[in-house]
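Structure first, commentary second.
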Amino acid sequence: MFKIDTPSSEQDFIEYFAFRWKMLRAPWKAPLGSEKDEYEQVGQHRMIRSLDGDVIAVGRVHMNSAEEAQVRHIAVEKAFQDKGLAKMLLASLESIAISEGAKQIVCNSTQTAIPFFSSVGFQIDDNSPNELGGQQRQQMIKKLVDPSTITLHPIWCKQLQDTWTEMIPISEHMGIKLHQYTGRTLETRASLNKNINLHGTMFAGSIFSLATLTGWGSLFLLLKEKQLDGEIVLGDGNIHYHKPITMQPRAVCHVESIKGKFEPLSLRKKAHFDVTVAILDGDNAVAEFTGKFWILP
């Protein structure tokens with residue numbers, strides 16, 4: 001039984017890069033160090049060990065842009081090939097890309113690897129050159145879809161995302177995306193890599209921004225539900241941090257956590273709302289935001 005690990009210790013990375021060099025660079029008589037590139041610090045690394053503890057498979061994913069990820073350096077020990085390990089790694093890397101907000105993922109495939117990538121949904125990009133970095137490689141591309149995403153009223157959700165992008169451009173740089181809307185719950189996510197501090201955790205200010213936009217977005221969608229118009233403004237906001245975020249930043253707002261009445265808007269009066277947003281790191285609750293919002297007619 002194999003499982004995917006994330007290299008974390010210095011020794012993990014020594015073994016990880018040594019295996020990468022052995023599989024991908026030594027056959028071409030490339031020197032030690034050539035197995036690394038400029039994306040190591042911003043990429044996400046995964047590996048698989050044998051029952052004896054030896055590294056037998058590695059792979060990496062990094063973001064080329066807010067919506068495109070790239071997989072590189074996938075390699076499997078010859079004795080363990082044709083056992084599904086490459087597909088396991090790729091599925092894990094694609095999951096990371098989706099969590100970072102990627103809409104598509106690309107790879108620069110050797111000619112011999114094209115059948116493998118084709119078997120897992122990649123297609124040759126006819127608009128790209130077939131010689132990359134001085135080698136015969138073919139860029140391939142795959143559209144990504146998060147199977148867990150449920151989006152009720154997709155037109156409204158797109159309007160909300162577009163509003164964030166146009167009115168608050170920094171939200172796109174932070175990788176804040178509407179992940180799911182069920183009519184009762186709004187979930188947003190952010191990119192940890194784009195909001196990381198020197199401690200390897202998410203900036204407190206970024207967490208506050210993610211929570212504020214989620215509360216604001218919940219009111220935006222409720223206004224659509226009730227066929228009302230109004231300008232939403234934050235009057236006051238407080239957040240209690242319990243633990244740092246080290247994995248997947250998530251913000252969740254349930255309709256039950258929104259206290260207030262929309263009736264004043266029908267009378268052309270401003271309406272007040274108290275909104276609570278839960279902040280999670282993966283599945284773990286790490287902070288709670290409470291905001292006082294006003295909707296102006």
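Residue numbers start at 1 in each chain; chains themselves are named A, B, ... in the order of the structure tokens; ligands are numbered from 1 in the order shown.
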
Per residue of region 29-63 of chain A within 10 Å of region 179-195 of chain A, what are the shortest atom pair and its distance in Å to one decimal, counting only C-alpha atoms, with rows by chain and residue number, as a tab-separated table?
residue	atom	partner	partner_atom	distance
A:Gln41	CA	A:Asn193	CA	9.8
A:Val42	CA	A:Asn193	CA	6.9
A:Gly43	CA	A:Asn193	CA	8.7
A:Gln44	CA	A:Asn193	CA	9.4
A:His62	CA	A:Asn193	CA	9.8
A:Met63	CA	A:Asn193	CA	9.4

Worksheet item: Using only C-alpha atoms, which residues sit within 12 Å of Asp126 (chain A) once same-chain residues fewer than 5 positions away are excluded, as a ChimeraX atom specification?
Response: /A:138-141

Mind dumping the selected residues with C-alpha atoms as a PDB file, in the first residue's frame?
ATOM      1  CA  GLN A 138       5.251  18.917 -26.427  1.00  0.00           C
ATOM      2  CA  GLN A 139       3.104  21.168 -24.282  1.00  0.00           C
ATOM      3  CA  MET A 140      -0.107  19.479 -23.197  1.00  0.00           C
ATOM      4  CA  ILE A 141      -3.085  20.982 -21.410  1.00  0.00           C
TER       5      ILE A 141
END

List the neighbours of region 82-87 of chain A out to 12 Å using only C-alpha atoms; skip same-chain residues closer than 5 positions along the sequence, and give me the result as a PDB file with all heavy atoms, in the first residue's frame.
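Below is the file that was written, out30.pdb:
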ATOM      1  N   MET A   1       0.855  -1.191   0.000  1.00  0.00           N
ATOM      2  CA  MET A   1       0.000   0.000   0.000  1.00  0.00           C
ATOM      3  C   MET A   1       0.892   1.244   0.000  1.00  0.00           C
ATOM      4  O   MET A   1       1.726   1.414   0.882  1.00  0.00           O
ATOM      5  CB  MET A   1      -0.905  -0.001   1.243  1.00  0.00           C
ATOM      6  CG  MET A   1      -1.952   1.080   1.241  1.00  0.00           C
ATOM      7  SD  MET A   1      -3.218   0.770   0.026  1.00  0.00           S
ATOM      8  CE  MET A   1      -4.370   2.066   0.408  1.00  0.00           C
ATOM      9  N   PHE A   2       0.722   2.107  -0.993  1.00  0.00           N
ATOM     10  CA  PHE A   2       1.532   3.304  -1.105  1.00  0.00           C
ATOM     11  C   PHE A   2       0.722   4.527  -0.696  1.00  0.00           C
ATOM     12  O   PHE A   2      -0.500   4.566  -0.880  1.00  0.00           O
ATOM     13  CB  PHE A   2       2.016   3.485  -2.538  1.00  0.00           C
ATOM     14  CG  PHE A   2       2.842   2.329  -3.049  1.00  0.00           C
ATOM     15  CD1 PHE A   2       2.295   1.406  -3.925  1.00  0.00           C
ATOM     16  CD2 PHE A   2       4.154   2.166  -2.645  1.00  0.00           C
ATOM     17  CE1 PHE A   2       3.046   0.345  -4.402  1.00  0.00           C
ATOM     18  CE2 PHE A   2       4.925   1.116  -3.107  1.00  0.00           C
ATOM     19  CZ  PHE A   2       4.367   0.195  -3.986  1.00  0.00           C
ATOM     20  N   LYS A   3       1.417   5.516  -0.142  1.00  0.00           N
ATOM     21  CA  LYS A   3       0.742   6.773   0.182  1.00  0.00           C
ATOM     22  C   LYS A   3       1.625   7.945  -0.222  1.00  0.00           C
ATOM     23  O   LYS A   3       2.858   7.837  -0.258  1.00  0.00           O
ATOM     24  CB  LYS A   3       0.360   6.842   1.658  1.00  0.00           C
ATOM     25  CG  LYS A   3       1.453   7.195   2.611  1.00  0.00           C
ATOM     26  CD  LYS A   3       0.896   7.234   4.025  1.00  0.00           C
ATOM     27  CE  LYS A   3       1.950   7.679   5.039  1.00  0.00           C
ATOM     28  NZ  LYS A   3       2.317   9.066   4.918  1.00  0.00           N
ATOM     29  N   ILE A   4       0.969   9.049  -0.528  1.00  0.00           N
ATOM     30  CA  ILE A   4       1.677  10.239  -0.983  1.00  0.00           C
ATOM     31  C   ILE A   4       2.089  11.069   0.218  1.00  0.00           C
ATOM     32  O   ILE A   4       1.288  11.336   1.111  1.00  0.00           O
ATOM     33  CB  ILE A   4       0.785  11.044  -1.934  1.00  0.00           C
ATOM     34  CG1 ILE A   4       0.505  10.227  -3.197  1.00  0.00           C
ATOM     35  CG2 ILE A   4       1.429  12.377  -2.281  1.00  0.00           C
ATOM     36  CD1 ILE A   4      -0.461  10.853  -4.137  1.00  0.00           C
ATOM     37  N   ARG A  46       5.515  16.601  -3.908  1.00  0.00           N
ATOM     38  CA  ARG A  46       4.949  15.361  -3.383  1.00  0.00           C
ATOM     39  C   ARG A  46       5.870  14.197  -3.748  1.00  0.00           C
ATOM     40  O   ARG A  46       6.563  14.222  -4.765  1.00  0.00           O
ATOM     41  CB  ARG A  46       3.548  15.108  -3.949  1.00  0.00           C
ATOM     42  CG  ARG A  46       2.506  16.147  -3.535  1.00  0.00           C
ATOM     43  CD  ARG A  46       2.233  16.118  -2.050  1.00  0.00           C
ATOM     44  NE  ARG A  46       1.183  17.049  -1.657  1.00  0.00           N
ATOM     45  CZ  ARG A  46       1.391  18.294  -1.256  1.00  0.00           C
ATOM     46  NH1 ARG A  46       2.647  18.774  -1.213  1.00  0.00           N
ATOM     47  NH2 ARG A  46       0.390  19.072  -0.901  1.00  0.00           N
ATOM     48  N   MET A  47       5.864  13.163  -2.898  1.00  0.00           N
ATOM     49  CA  MET A  47       6.686  11.988  -3.177  1.00  0.00           C
ATOM     50  C   MET A  47       6.040  10.751  -2.570  1.00  0.00           C
ATOM     51  O   MET A  47       5.144  10.843  -1.721  1.00  0.00           O
ATOM     52  CB  MET A  47       8.104  12.161  -2.627  1.00  0.00           C
ATOM     53  CG  MET A  47       8.199  12.240  -1.119  1.00  0.00           C
ATOM     54  SD  MET A  47       9.917  12.546  -0.599  1.00  0.00           S
ATOM     55  CE  MET A  47       9.728  12.453   1.192  1.00  0.00           C
ATOM     56  N   ILE A  48       6.502   9.600  -3.036  1.00  0.00           N
ATOM     57  CA  ILE A  48       6.028   8.314  -2.520  1.00  0.00           C
ATOM     58  C   ILE A  48       7.251   7.506  -2.118  1.00  0.00           C
ATOM     59  O   ILE A  48       8.251   7.475  -2.840  1.00  0.00           O
ATOM     60  CB  ILE A  48       5.216   7.552  -3.587  1.00  0.00           C
ATOM     61  CG1 ILE A  48       3.995   8.372  -4.018  1.00  0.00           C
ATOM     62  CG2 ILE A  48       4.769   6.187  -3.054  1.00  0.00           C
ATOM     63  CD1 ILE A  48       3.214   7.752  -5.170  1.00  0.00           C
ATOM     64  N   ARG A  49       7.167   6.859  -0.960  1.00  0.00           N
ATOM     65  CA  ARG A  49       8.252   5.991  -0.493  1.00  0.00           C
ATOM     66  C   ARG A  49       7.818   4.532  -0.563  1.00  0.00           C
ATOM     67  O   ARG A  49       6.627   4.209  -0.475  1.00  0.00           O
ATOM     68  CB  ARG A  49       8.637   6.337   0.950  1.00  0.00           C
ATOM     69  CG  ARG A  49       9.305   7.700   1.128  1.00  0.00           C
ATOM     70  CD  ARG A  49       9.726   7.903   2.572  1.00  0.00           C
ATOM     71  NE  ARG A  49      10.332   9.203   2.824  1.00  0.00           N
ATOM     72  CZ  ARG A  49      11.614   9.472   2.667  1.00  0.00           C
ATOM     73  NH1 ARG A  49      12.436   8.519   2.244  1.00  0.00           N
ATOM     74  NH2 ARG A  49      12.093  10.686   2.928  1.00  0.00           N
ATOM     75  N   SER A  50       8.794   3.666  -0.682  1.00  0.00           N
ATOM     76  CA  SER A  50       8.526   2.227  -0.640  1.00  0.00           C
ATOM     77  C   SER A  50       8.334   1.800   0.808  1.00  0.00           C
ATOM     78  O   SER A  50       8.525   2.591   1.741  1.00  0.00           O
ATOM     79  CB  SER A  50       9.703   1.458  -1.248  1.00  0.00           C
ATOM     80  OG  SER A  50      10.837   1.582  -0.405  1.00  0.00           O
ATOM     81  N   VAL A  55      12.674   6.616  -1.489  1.00  0.00           N
ATOM     82  CA  VAL A  55      11.867   7.424  -2.409  1.00  0.00           C
ATOM     83  C   VAL A  55      11.756   6.676  -3.732  1.00  0.00           C
ATOM     84  O   VAL A  55      12.767   6.281  -4.315  1.00  0.00           O
ATOM     85  CB  VAL A  55      12.495   8.804  -2.626  1.00  0.00           C
ATOM     86  CG1 VAL A  55      11.681   9.604  -3.643  1.00  0.00           C
ATOM     87  CG2 VAL A  55      12.593   9.564  -1.313  1.00  0.00           C
ATOM     88  N   ILE A  56      10.519   6.480  -4.203  1.00  0.00           N
ATOM     89  CA  ILE A  56      10.323   5.745  -5.455  1.00  0.00           C
ATOM     90  C   ILE A  56       9.518   6.539  -6.483  1.00  0.00           C
ATOM     91  O   ILE A  56       9.372   6.098  -7.620  1.00  0.00           O
ATOM     92  CB  ILE A  56       9.625   4.394  -5.195  1.00  0.00           C
ATOM     93  CG1 ILE A  56       8.285   4.604  -4.478  1.00  0.00           C
ATOM     94  CG2 ILE A  56      10.526   3.463  -4.381  1.00  0.00           C
ATOM     95  CD1 ILE A  56       7.462   3.335  -4.343  1.00  0.00           C
ATOM     96  N   ALA A  57       9.023   7.718  -6.106  1.00  0.00           N
ATOM     97  CA  ALA A  57       8.281   8.548  -7.061  1.00  0.00           C
ATOM     98  C   ALA A  57       8.241   9.979  -6.545  1.00  0.00           C
ATOM     99  O   ALA A  57       8.137  10.200  -5.328  1.00  0.00           O
ATOM    100  CB  ALA A  57       6.864   8.014  -7.266  1.00  0.00           C
ATOM    101  N   VAL A  58       8.340  10.945  -7.460  1.00  0.00           N
ATOM    102  CA  VAL A  58       8.291  12.362  -7.081  1.00  0.00           C
ATOM    103  C   VAL A  58       7.514  13.149  -8.130  1.00  0.00           C
ATOM    104  O   VAL A  58       7.330  12.701  -9.262  1.00  0.00           O
ATOM    105  CB  VAL A  58       9.710  12.967  -6.950  1.00  0.00           C
ATOM    106  CG1 VAL A  58      10.506  12.268  -5.859  1.00  0.00           C
ATOM    107  CG2 VAL A  58      10.457  12.918  -8.289  1.00  0.00           C
ATOM    108  N   GLY A  59       7.090  14.341  -7.746  1.00  0.00           N
ATOM    109  CA  GLY A  59       6.409  15.242  -8.678  1.00  0.00           C
ATOM    110  C   GLY A  59       6.217  16.602  -8.040  1.00  0.00           C
ATOM    111  O   GLY A  59       6.250  16.734  -6.809  1.00  0.00           O
ATOM    112  N   ARG A  60       6.016  17.622  -8.876  1.00  0.00           N
ATOM    113  CA  ARG A  60       5.840  18.985  -8.377  1.00  0.00           C
ATOM    114  C   ARG A  60       4.812  19.730  -9.210  1.00  0.00           C
ATOM    115  O   ARG A  60       4.651  19.456 -10.410  1.00  0.00           O
ATOM    116  CB  ARG A  60       7.172  19.741  -8.452  1.00  0.00           C
ATOM    117  CG  ARG A  60       7.151  21.091  -7.702  1.00  0.00           C
ATOM    118  CD  ARG A  60       8.324  21.961  -8.107  1.00  0.00           C
ATOM    119  NE  ARG A  60       8.150  22.514  -9.459  1.00  0.00           N
ATOM    120  CZ  ARG A  60       9.121  23.043 -10.179  1.00  0.00           C
ATOM    121  NH1 ARG A  60      10.354  23.065  -9.703  1.00  0.00           N
ATOM    122  NH2 ARG A  60       8.878  23.542 -11.379  1.00  0.00           N
ATOM    123  N   VAL A  71       2.598  21.052 -14.007  1.00  0.00           N
ATOM    124  CA  VAL A  71       3.244  19.927 -13.343  1.00  0.00           C
ATOM    125  C   VAL A  71       4.593  19.684 -14.008  1.00  0.00           C
ATOM    126  O   VAL A  71       4.728  19.807 -15.226  1.00  0.00           O
ATOM    127  CB  VAL A  71       2.393  18.641 -13.395  1.00  0.00           C
ATOM    128  CG1 VAL A  71       1.183  18.769 -12.505  1.00  0.00           C
ATOM    129  CG2 VAL A  71       1.974  18.302 -14.813  1.00  0.00           C
ATOM    130  N   ARG A  72       5.584  19.347 -13.175  1.00  0.00           N
ATOM    131  CA  ARG A  72       6.924  19.083 -13.693  1.00  0.00           C
ATOM    132  C   ARG A  72       7.591  18.001 -12.839  1.00  0.00           C
ATOM    133  O   ARG A  72       7.162  17.718 -11.723  1.00  0.00           O
ATOM    134  CB  ARG A  72       7.793  20.340 -13.657  1.00  0.00           C
ATOM    135  CG  ARG A  72       7.379  21.432 -14.618  1.00  0.00           C
ATOM    136  CD  ARG A  72       8.511  22.421 -14.841  1.00  0.00           C
ATOM    137  NE  ARG A  72       9.635  21.797 -15.569  1.00  0.00           N
ATOM    138  CZ  ARG A  72      10.788  22.430 -15.811  1.00  0.00           C
ATOM    139  NH1 ARG A  72      10.971  23.662 -15.383  1.00  0.00           N
ATOM    140  NH2 ARG A  72      11.755  21.827 -16.468  1.00  0.00           N
ATOM    141  N   HIS A  73       8.638  17.433 -13.411  1.00  0.00           N
ATOM    142  CA  HIS A  73       9.535  16.529 -12.682  1.00  0.00           C
ATOM    143  C   HIS A  73       8.818  15.308 -12.098  1.00  0.00           C
ATOM    144  O   HIS A  73       9.135  14.873 -10.997  1.00  0.00           O
ATOM    145  CB  HIS A  73      10.251  17.288 -11.566  1.00  0.00           C
ATOM    146  CG  HIS A  73      10.933  18.546 -12.011  1.00  0.00           C
ATOM    147  ND1 HIS A  73      11.881  18.570 -13.019  1.00  0.00           N
ATOM    148  CD2 HIS A  73      10.797  19.836 -11.591  1.00  0.00           C
ATOM    149  CE1 HIS A  73      12.309  19.822 -13.186  1.00  0.00           C
ATOM    150  NE2 HIS A  73      11.657  20.598 -12.348  1.00  0.00           N
ATOM    151  N   ILE A  74       7.856  14.759 -12.837  1.00  0.00           N
ATOM    152  CA  ILE A  74       7.234  13.515 -12.391  1.00  0.00           C
ATOM    153  C   ILE A  74       8.131  12.352 -12.794  1.00  0.00           C
ATOM    154  O   ILE A  74       8.505  12.217 -13.964  1.00  0.00           O
ATOM    155  CB  ILE A  74       5.825  13.350 -12.992  1.00  0.00           C
ATOM    156  CG1 ILE A  74       4.889  14.431 -12.435  1.00  0.00           C
ATOM    157  CG2 ILE A  74       5.267  11.957 -12.693  1.00  0.00           C
ATOM    158  CD1 ILE A  74       3.491  14.375 -12.992  1.00  0.00           C
ATOM    159  N   ALA A  75       8.487  11.526 -11.821  1.00  0.00           N
ATOM    160  CA  ALA A  75       9.363  10.384 -12.095  1.00  0.00           C
ATOM    161  C   ALA A  75       9.018   9.245 -11.149  1.00  0.00           C
ATOM    162  O   ALA A  75       8.676   9.474  -9.987  1.00  0.00           O
ATOM    163  CB  ALA A  75      10.828  10.775 -11.925  1.00  0.00           C
ATOM    164  N   VAL A  76       9.111   8.009 -11.657  1.00  0.00           N
ATOM    165  CA  VAL A  76       8.824   6.809 -10.872  1.00  0.00           C
ATOM    166  C   VAL A  76       9.968   5.815 -11.068  1.00  0.00           C
ATOM    167  O   VAL A  76      10.424   5.601 -12.201  1.00  0.00           O
ATOM    168  CB  VAL A  76       7.482   6.164 -11.298  1.00  0.00           C
ATOM    169  CG1 VAL A  76       7.220   4.894 -10.497  1.00  0.00           C
ATOM    170  CG2 VAL A  76       6.333   7.156 -11.126  1.00  0.00           C
ATOM    171  N   GLU A  77      10.437   5.239  -9.983  1.00  0.00           N
ATOM    172  CA  GLU A  77      11.481   4.216 -10.046  1.00  0.00           C
ATOM    173  C   GLU A  77      11.064   3.090 -10.994  1.00  0.00           C
ATOM    174  O   GLU A  77       9.908   2.668 -11.016  1.00  0.00           O
ATOM    175  CB  GLU A  77      11.716   3.641  -8.649  1.00  0.00           C
ATOM    176  CG  GLU A  77      12.824   2.619  -8.555  1.00  0.00           C
ATOM    177  CD  GLU A  77      14.192   3.238  -8.742  1.00  0.00           C
ATOM    178  OE1 GLU A  77      14.585   4.106  -7.947  1.00  0.00           O
ATOM    179  OE2 GLU A  77      14.860   2.841  -9.730  1.00  0.00           O
ATOM    180  N   SER A  92      -2.907  13.913  -7.079  1.00  0.00           N
ATOM    181  CA  SER A  92      -2.624  14.746  -5.912  1.00  0.00           C
ATOM    182  C   SER A  92      -2.216  16.148  -6.327  1.00  0.00           C
ATOM    183  O   SER A  92      -2.665  17.148  -5.740  1.00  0.00           O
ATOM    184  CB  SER A  92      -1.514  14.096  -5.074  1.00  0.00           C
ATOM    185  OG  SER A  92      -1.169  14.916  -3.983  1.00  0.00           O
ATOM    186  N   LEU A  93      -1.378  16.260  -7.346  1.00  0.00           N
ATOM    187  CA  LEU A  93      -0.925  17.571  -7.818  1.00  0.00           C
ATOM    188  C   LEU A  93      -2.068  18.369  -8.442  1.00  0.00           C
ATOM    189  O   LEU A  93      -2.158  19.587  -8.266  1.00  0.00           O
ATOM    190  CB  LEU A  93       0.214  17.396  -8.822  1.00  0.00           C
ATOM    191  CG  LEU A  93       1.485  16.717  -8.275  1.00  0.00           C
ATOM    192  CD1 LEU A  93       2.496  16.503  -9.396  1.00  0.00           C
ATOM    193  CD2 LEU A  93       2.095  17.524  -7.146  1.00  0.00           C
ATOM    194  N   GLU A  94      -2.966  17.681  -9.148  1.00  0.00           N
ATOM    195  CA  GLU A  94      -4.129  18.365  -9.719  1.00  0.00           C
ATOM    196  C   GLU A  94      -5.033  18.896  -8.616  1.00  0.00           C
ATOM    197  O   GLU A  94      -5.598  19.987  -8.730  1.00  0.00           O
ATOM    198  CB  GLU A  94      -4.906  17.408 -10.630  1.00  0.00           C
ATOM    199  CG  GLU A  94      -4.221  17.130 -11.954  1.00  0.00           C
ATOM    200  CD  GLU A  94      -5.053  16.234 -12.858  1.00  0.00           C
ATOM    201  OE1 GLU A  94      -6.211  15.934 -12.497  1.00  0.00           O
ATOM    202  OE2 GLU A  94      -4.548  15.828 -13.919  1.00  0.00           O
ATOM    203  N   ALA A 113       6.291  10.269 -23.072  1.00  0.00           N
ATOM    204  CA  ALA A 113       5.311  10.433 -22.000  1.00  0.00           C
ATOM    205  C   ALA A 113       3.948  10.904 -22.491  1.00  0.00           C
ATOM    206  O   ALA A 113       2.987  10.927 -21.721  1.00  0.00           O
ATOM    207  CB  ALA A 113       5.843  11.420 -20.953  1.00  0.00           C
ATOM    208  N   PHE A 116       0.978   8.616 -21.707  1.00  0.00           N
ATOM    209  CA  PHE A 116       0.562   8.647 -20.297  1.00  0.00           C
ATOM    210  C   PHE A 116      -0.310   9.864 -20.027  1.00  0.00           C
ATOM    211  O   PHE A 116      -1.413   9.750 -19.465  1.00  0.00           O
ATOM    212  CB  PHE A 116       1.772   8.671 -19.366  1.00  0.00           C
ATOM    213  CG  PHE A 116       1.432   9.082 -17.961  1.00  0.00           C
ATOM    214  CD1 PHE A 116       0.736   8.227 -17.122  1.00  0.00           C
ATOM    215  CD2 PHE A 116       1.769  10.351 -17.490  1.00  0.00           C
ATOM    216  CE1 PHE A 116       0.390   8.623 -15.832  1.00  0.00           C
ATOM    217  CE2 PHE A 116       1.428  10.751 -16.203  1.00  0.00           C
ATOM    218  CZ  PHE A 116       0.739   9.878 -15.372  1.00  0.00           C
ATOM    219  N   PHE A 117       0.166  11.053 -20.402  1.00  0.00           N
ATOM    220  CA  PHE A 117      -0.615  12.258 -20.117  1.00  0.00           C
ATOM    221  C   PHE A 117      -1.943  12.255 -20.881  1.00  0.00           C
ATOM    222  O   PHE A 117      -2.955  12.742 -20.370  1.00  0.00           O
ATOM    223  CB  PHE A 117       0.206  13.506 -20.443  1.00  0.00           C
ATOM    224  CG  PHE A 117       1.262  13.828 -19.423  1.00  0.00           C
ATOM    225  CD1 PHE A 117       2.603  13.644 -19.702  1.00  0.00           C
ATOM    226  CD2 PHE A 117       0.915  14.291 -18.169  1.00  0.00           C
ATOM    227  CE1 PHE A 117       3.583  13.939 -18.755  1.00  0.00           C
ATOM    228  CE2 PHE A 117       1.874  14.585 -17.211  1.00  0.00           C
ATOM    229  CZ  PHE A 117       3.220  14.394 -17.504  1.00  0.00           C
ATOM    230  N   SER A 118      -1.947  11.694 -22.063  1.00  0.00           N
ATOM    231  CA  SER A 118      -3.201  11.583 -22.821  1.00  0.00           C
ATOM    232  C   SER A 118      -4.196  10.692 -22.090  1.00  0.00           C
ATOM    233  O   SER A 118      -5.403  10.948 -22.101  1.00  0.00           O
ATOM    234  CB  SER A 118      -2.925  11.025 -24.219  1.00  0.00           C
ATOM    235  OG  SER A 118      -2.110  11.903 -24.980  1.00  0.00           O
ATOM    236  N   SER A 119      -3.693   9.647 -21.422  1.00  0.00           N
ATOM    237  CA  SER A 119      -4.569   8.692 -20.729  1.00  0.00           C
ATOM    238  C   SER A 119      -5.242   9.297 -19.505  1.00  0.00           C
ATOM    239  O   SER A 119      -6.234   8.758 -19.018  1.00  0.00           O
ATOM    240  CB  SER A 119      -3.774   7.455 -20.316  1.00  0.00           C
ATOM    241  OG  SER A 119      -2.900   7.746 -19.232  1.00  0.00           O
ATOM    242  N   VAL A 120      -4.695  10.425 -18.996  1.00  0.00           N
ATOM    243  CA  VAL A 120      -5.291  11.059 -17.816  1.00  0.00           C
ATOM    244  C   VAL A 120      -5.929  12.405 -18.152  1.00  0.00           C
ATOM    245  O   VAL A 120      -6.128  13.247 -17.285  1.00  0.00           O
ATOM    246  CB  VAL A 120      -4.248  11.226 -16.691  1.00  0.00           C
ATOM    247  CG1 VAL A 120      -3.860   9.887 -16.113  1.00  0.00           C
ATOM    248  CG2 VAL A 120      -3.013  11.972 -17.191  1.00  0.00           C
ATOM    249  N   GLY A 121      -6.243  12.615 -19.425  1.00  0.00           N
ATOM    250  CA  GLY A 121      -7.058  13.763 -19.804  1.00  0.00           C
ATOM    251  C   GLY A 121      -6.344  14.951 -20.395  1.00  0.00           C
ATOM    252  O   GLY A 121      -6.980  15.952 -20.735  1.00  0.00           O
TER     253      GLY A 121
END

Discussion item. Let me make sure I understand: among A:Asp37, A:Gly237, A:Gln227, A:Thr112, which one has the smallest atom-to-atom distance to Glu288 (chain A) if we use only C-alpha atoms?
Written reply: A:Gly237

Worksheet entry | Which residue of A:Pro244, A:Gly101, A:Gly215, A:Pro115 approaches Ile196 (chain A) most closely, using only C-alpha atoms | A:Pro244

Practice prompt. Run DSSP on the backbone of this structure and report the residues of region 63-256 of chain A it assigns to strand (DSSP E), as number ranges by chain.
Written response: A: 63, 68-76, 104-110, 123-124, 131-132, 135-143, 177-181, 185-189, 231-241, 249-254

Practice prompt. Identify, with DSSP run on backbone atoms, the residues in region 44-168 of chain A assigned to helix (DSSP H, G or I), and express the list as a count of residues only.
Written response: 41

Item to complete: Write out as a list in words which residues come within 10 Å of Phe208 (chain A) when counting only C-alpha atoms, dropping same-chain ones fewer than 6 positions away.
Response: Thr214, Gly237, Asn238, Ile239, His240, Tyr241, Ile279, Ala287, Glu288 and Phe289 of chain A

Could you dump the residues just selected with C-alpha atoms as a PDB file, in the first residue's frame?
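Output contents, as saved in again.pdb:
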ATOM      1  CA  THR A 214     -17.101  36.271   2.250  1.00  0.00           C
ATOM      2  CA  GLY A 237     -15.252  43.995  11.823  1.00  0.00           C
ATOM      3  CA  ASN A 238     -13.569  41.838  14.457  1.00  0.00           C
ATOM      4  CA  ILE A 239     -11.718  38.572  14.142  1.00  0.00           C
ATOM      5  CA  HIS A 240     -10.450  36.088  16.734  1.00  0.00           C
ATOM      6  CA  TYR A 241      -7.480  33.985  15.659  1.00  0.00           C
ATOM      7  CA  ILE A 279     -12.282  30.550   8.854  1.00  0.00           C
ATOM      8  CA  ALA A 287     -10.630  31.799  13.362  1.00  0.00           C
ATOM      9  CA  GLU A 288     -14.018  33.501  13.611  1.00  0.00           C
ATOM     10  CA  PHE A 289     -14.948  36.817  12.039  1.00  0.00           C
TER      11      PHE A 289
END

Discussion item. Give me, as a list in words, all polymer residues having an atom no more than 7 Å from region 292-296 of chain A, counting only C-alpha atoms and skipping those fewer than 6 positions away in the same chain.
Written reply: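 Residues meeting the cut-off are Gly230, Glu231, Ile232, Val233, Leu234, Gly235, Asp236, Gly237, Lys270, Ala271, His272, Phe273, Asp274 and Val275 of chain A.
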
Residues from the last selection, N, CA and C atoms, saved as a JSON list (two decimals), in the first residue's frame:
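File written: again-v8.json
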[["chain", "number", "residue", "atom", "x", "y", "z"],
["A", 230, "GLY", "N", -28.90, 47.35, -3.39],
["A", 230, "GLY", "CA", -28.35, 48.13, -2.30],
["A", 230, "GLY", "C", -26.84, 48.13, -2.36],
["A", 231, "GLU", "N", -26.24, 49.11, -1.70],
["A", 231, "GLU", "CA", -24.79, 49.20, -1.62],
["A", 231, "GLU", "C", -24.35, 48.67, -0.27],
["A", 232, "ILE", "N", -23.53, 47.63, -0.29],
["A", 232, "ILE", "CA", -23.10, 46.95, 0.94],
["A", 232, "ILE", "C", -21.80, 47.57, 1.43],
["A", 233, "VAL", "N", -21.78, 47.99, 2.69],
["A", 233, "VAL", "CA", -20.55, 48.55, 3.26],
["A", 233, "VAL", "C", -20.29, 47.90, 4.62],
["A", 234, "LEU", "N", -19.03, 47.76, 4.96],
["A", 234, "LEU", "CA", -18.63, 47.22, 6.26],
["A", 234, "LEU", "C", -18.50, 48.36, 7.25],
["A", 235, "GLY", "N", -19.28, 48.27, 8.35],
["A", 235, "GLY", "CA", -19.21, 49.30, 9.38],
["A", 235, "GLY", "C", -18.16, 48.99, 10.43],
["A", 236, "ASP", "N", -18.01, 47.71, 10.77],
["A", 236, "ASP", "CA", -17.04, 47.31, 11.78],
["A", 236, "ASP", "C", -16.78, 45.82, 11.62],
["A", 237, "GLY", "N", -15.59, 45.41, 11.93],
["A", 237, "GLY", "CA", -15.25, 44.00, 11.82],
["A", 237, "GLY", "C", -14.26, 43.58, 12.90],
["A", 270, "LYS", "N", -31.89, 52.30, 5.08],
["A", 270, "LYS", "CA", -30.74, 51.41, 5.20],
["A", 270, "LYS", "C", -31.04, 50.27, 6.17],
["A", 271, "ALA", "N", -30.41, 49.13, 5.91],
["A", 271, "ALA", "CA", -30.62, 47.93, 6.73],
["A", 271, "ALA", "C", -29.30, 47.50, 7.35],
["A", 272, "HIS", "N", -29.35, 47.02, 8.60],
["A", 272, "HIS", "CA", -28.15, 46.62, 9.34],
["A", 272, "HIS", "C", -28.11, 45.11, 9.49],
["A", 273, "PHE", "N", -26.91, 44.52, 9.36],
["A", 273, "PHE", "CA", -26.75, 43.08, 9.48],
["A", 273, "PHE", "C", -25.48, 42.74, 10.28],
["A", 274, "ASP", "N", -25.60, 41.77, 11.15],
["A", 274, "ASP", "CA", -24.45, 41.17, 11.83],
["A", 274, "ASP", "C", -24.16, 39.84, 11.13],
["A", 275, "VAL", "N", -22.93, 39.69, 10.68],
["A", 275, "VAL", "CA", -22.56, 38.51, 9.88],
["A", 275, "VAL", "C", -21.37, 37.80, 10.54]]
